[in-house]
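Visitor: One structure is given below, represented as structure tokens, and several questions about it will come after.
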Amino acid sequence: MPLSIHQLHSVFVGEVGGIDCRKPLDPEEVAAIEAGMDEYAVLIFRDQDISDAQQIAFTRHFGELESYNTPGHIRRREDSRLAPGIADFSNLDKHGKIMSDEDRVWFFKLGDRLWHSDSSFRPIPAKYSLLSGRVLPSWGANTEFADMRAAYDALDRRTKAEVEDLVCEHSLIYSREAIGFTDLTPEEITAFRPVRQRLVRTHPATGRKSLFLASHAGAIVGWTIPEARMFLRDLIEHATQREFVYSHSWRPHDLVMWDNRCTMHRARRFDRTEIRDVRRTTLAGDAPTIEKIA
């Protein structure tokens, strides 16, 4: 069965058929998936009962895994139940038990329910993310995606001119403060120091412009903090109108792949007394977003 992609939303998102993500891909399959990512920005692969090693191998068809010495999470590697290369986005502790609702890792993870782009708080933000649904709760836990290309296209001419050269500061400190989580150690505060990112990005393959927004963005260079945060809030509200948003209802063994350069996403609520075991691999980005204006 040849690879096929069926569009699921009016402006983005495709469901891929005719592919087994557990097996090595040939160059034509890699090219077809990359072309699908360029067009749809989010791809859904159903019925992929994949292991961690297989997920890592599939991800590496499209680039290098993201690797940083500085943390992007407060869960320490020695406290993870998973091997290096794959990130644990479950509600399970290192013993495989459901986390306490007073665990600071659980508090930190609640910030994933805010709109964001993975690793926008790093000097070089991520390219693709791939999330595998291994065990799912009986209620809730959808993942929502917003097409930031369509959101940019829908801006009026004046706003497009206003945002064109703006630079934002992104930090996990901003997004966690937004939900009232301020219990960070001095080491974490140093690790999460703000980085600068363009507010408007141009996709290297398609040339399409998109807004680069996230809850991690808490300042605009040259603006006062209150005005910057109100403007960023207005832009996120614009970008997450229903016509730009797809809500993914997970099935067991779904593998969802998205382009962080032109989408935002967020997790939704679920019954925290049930297991949600989802595991993510992330591809490194190519270059800083502000390289040309530094």
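Just remember, in the structure tokens the first chain shown is A, the second B, etc., residues are 1-based per chain, and ligands are 1-based in the order shown.
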Give me, as a list in words, all polymer residues having an atom no more than 6 Å from segment 48-55 of chain A, counting only C-alpha atoms and skipping those fewer than 5 positions away in the same chain.

Guide: Arg22, His253 and Asp254 of chain A

Visitor: Using DSSP on the backbone coordinates, identify the residues of segment 10-108 of chain A assigned to alpha helix (DSSP H); present them as a PyMOL selection string.

Guide: chain A and resi 27-40+52-59+104-108

Visitor: Find, counting only C-alpha atoms, the residue in A:Asn91, A:Ser215, A:Ser117, A:Thr224 that gets nearest to His265 of chain A.

Guide: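 Looking only at the distances to His265 of chain A, the closest residue turns out to be A:Ser117.
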
Visitor: When you look at segment 78-85 of chain A with a cut-off of 12 Å (counting only C-alpha atoms), what residues show up, excluding the ones that are within fewer than 2 positions of it in the same chain? I need them as a count of residues only.

Guide: 39

Visitor: Could you tell me how far atom CA of Arg193 of chain A sits from atom CA of Arg104 of chain A, in Å to one decimal place?

Guide: 19.6 Å

Visitor: Suppose you want the space between atom CA of Arg134 of chain A and atom CA of Arg176 of chain A; what is it in Å?

Guide: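 These atoms are spaced 26.6 Å apart.
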
Visitor: Excluding Glu29 of chain A and its own-chain neighbours fewer than 6 positions away, which residues fall within 12 Å of it when counting only C-alpha atoms? Please give them as a ChimeraX atom specification.

Guide: /A:2-5,16-21,23,35-36,58,61-62

Visitor: Please provide the set of residues having any atom within 6 Å of Val195 of chain A, restricted to only C-alpha atoms, with same-chain residues fewer than 5 positions apart removed, written as an MDAnalysis selection string.

Guide: chainID A and resid 123 169:170

Visitor: What does the file look like for those residues with C-alpha atoms, as a compact mmCIF listing (two decimals), in the first residue's frame?

Guide:
# COMPACT_ATOMS: atom_id res chain seq x y z
CA PRO A 123 18.67 29.44 21.75
CA GLU A 169 12.12 36.92 25.01
CA HIS A 170 11.13 33.32 25.77

Visitor: Once DSSP has gone over the backbone, tell me which residues of segment 35-152 of chain A are in strand (DSSP E), as a PDB file with C-alpha atoms, in the first residue's frame.

Guide:
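Written out: result12.pdb:
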ATOM      1  CA  VAL A  42       0.925  18.142  11.685  1.00  0.00           C
ATOM      2  CA  LEU A  43       0.802  14.478  10.626  1.00  0.00           C
ATOM      3  CA  ILE A  44      -1.108  11.664  12.350  1.00  0.00           C
ATOM      4  CA  PHE A  45       0.125   8.079  12.087  1.00  0.00           C
ATOM      5  CA  ALA A  87      11.202  12.375  26.977  1.00  0.00           C
ATOM      6  CA  ASP A  88       8.592  11.249  29.474  1.00  0.00           C
ATOM      7  CA  TYR A 128       9.777  18.502  14.745  1.00  0.00           C
ATOM      8  CA  SER A 129       8.281  16.832  17.803  1.00  0.00           C
ATOM      9  CA  LEU A 130       6.841  13.301  17.758  1.00  0.00           C
ATOM     10  CA  LEU A 131       4.495  12.122  20.508  1.00  0.00           C
ATOM     11  CA  SER A 132       3.495   8.490  20.932  1.00  0.00           C
ATOM     12  CA  GLY A 133       0.344   7.569  22.865  1.00  0.00           C
ATOM     13  CA  ARG A 134       1.108   4.338  24.747  1.00  0.00           C
ATOM     14  CA  VAL A 135      -1.562   4.268  27.520  1.00  0.00           C
ATOM     15  CA  THR A 143      -3.812  17.651  22.236  1.00  0.00           C
ATOM     16  CA  GLU A 144      -4.744  20.842  20.376  1.00  0.00           C
ATOM     17  CA  PHE A 145      -2.708  22.367  17.560  1.00  0.00           C
ATOM     18  CA  ALA A 146      -2.861  25.862  16.052  1.00  0.00           C
ATOM     19  CA  ASP A 147      -1.636  26.697  12.536  1.00  0.00           C
TER      20      ASP A 147
END

Visitor: Would you mind listing what lies within 8 Å of Arg149 of chain A as a list in words, with only C-alpha atoms counted and same-chain residues fewer than 3 positions away left out?

Guide: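 So, after excluding close chain neighbours, the residues are Tyr152, Asp153, Arg208, Lys209, Ser210, Leu211, Cys262 and Thr263 of chain A.
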
Visitor: Go ahead and dump the residues you just picked, C-alpha atoms, as a CSV table (one decimal), in the first residue's frame.

Guide:
chain,number,residue,atom,x,y,z
A,152,TYR,CA,-0.2,35.1,10.2
A,153,ASP,CA,-2.0,35.2,6.9
A,208,ARG,CA,5.6,30.8,4.2
A,209,LYS,CA,5.6,33.2,7.1
A,210,SER,CA,4.2,32.3,10.5
A,211,LEU,CA,3.8,33.8,14.0
A,262,CYS,CA,4.9,26.9,12.3
A,263,THR,CA,2.5,25.5,15.0

Visitor: Choose the residue, out of A:Phe181, A:Trp115, A:Phe270, A:Trp139, that has the smallest atom-to-atom separation from Thr240 of chain A; count only C-alpha atoms.

Guide: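 Smallest separation from Thr240 of chain A among the options: A:Trp115.
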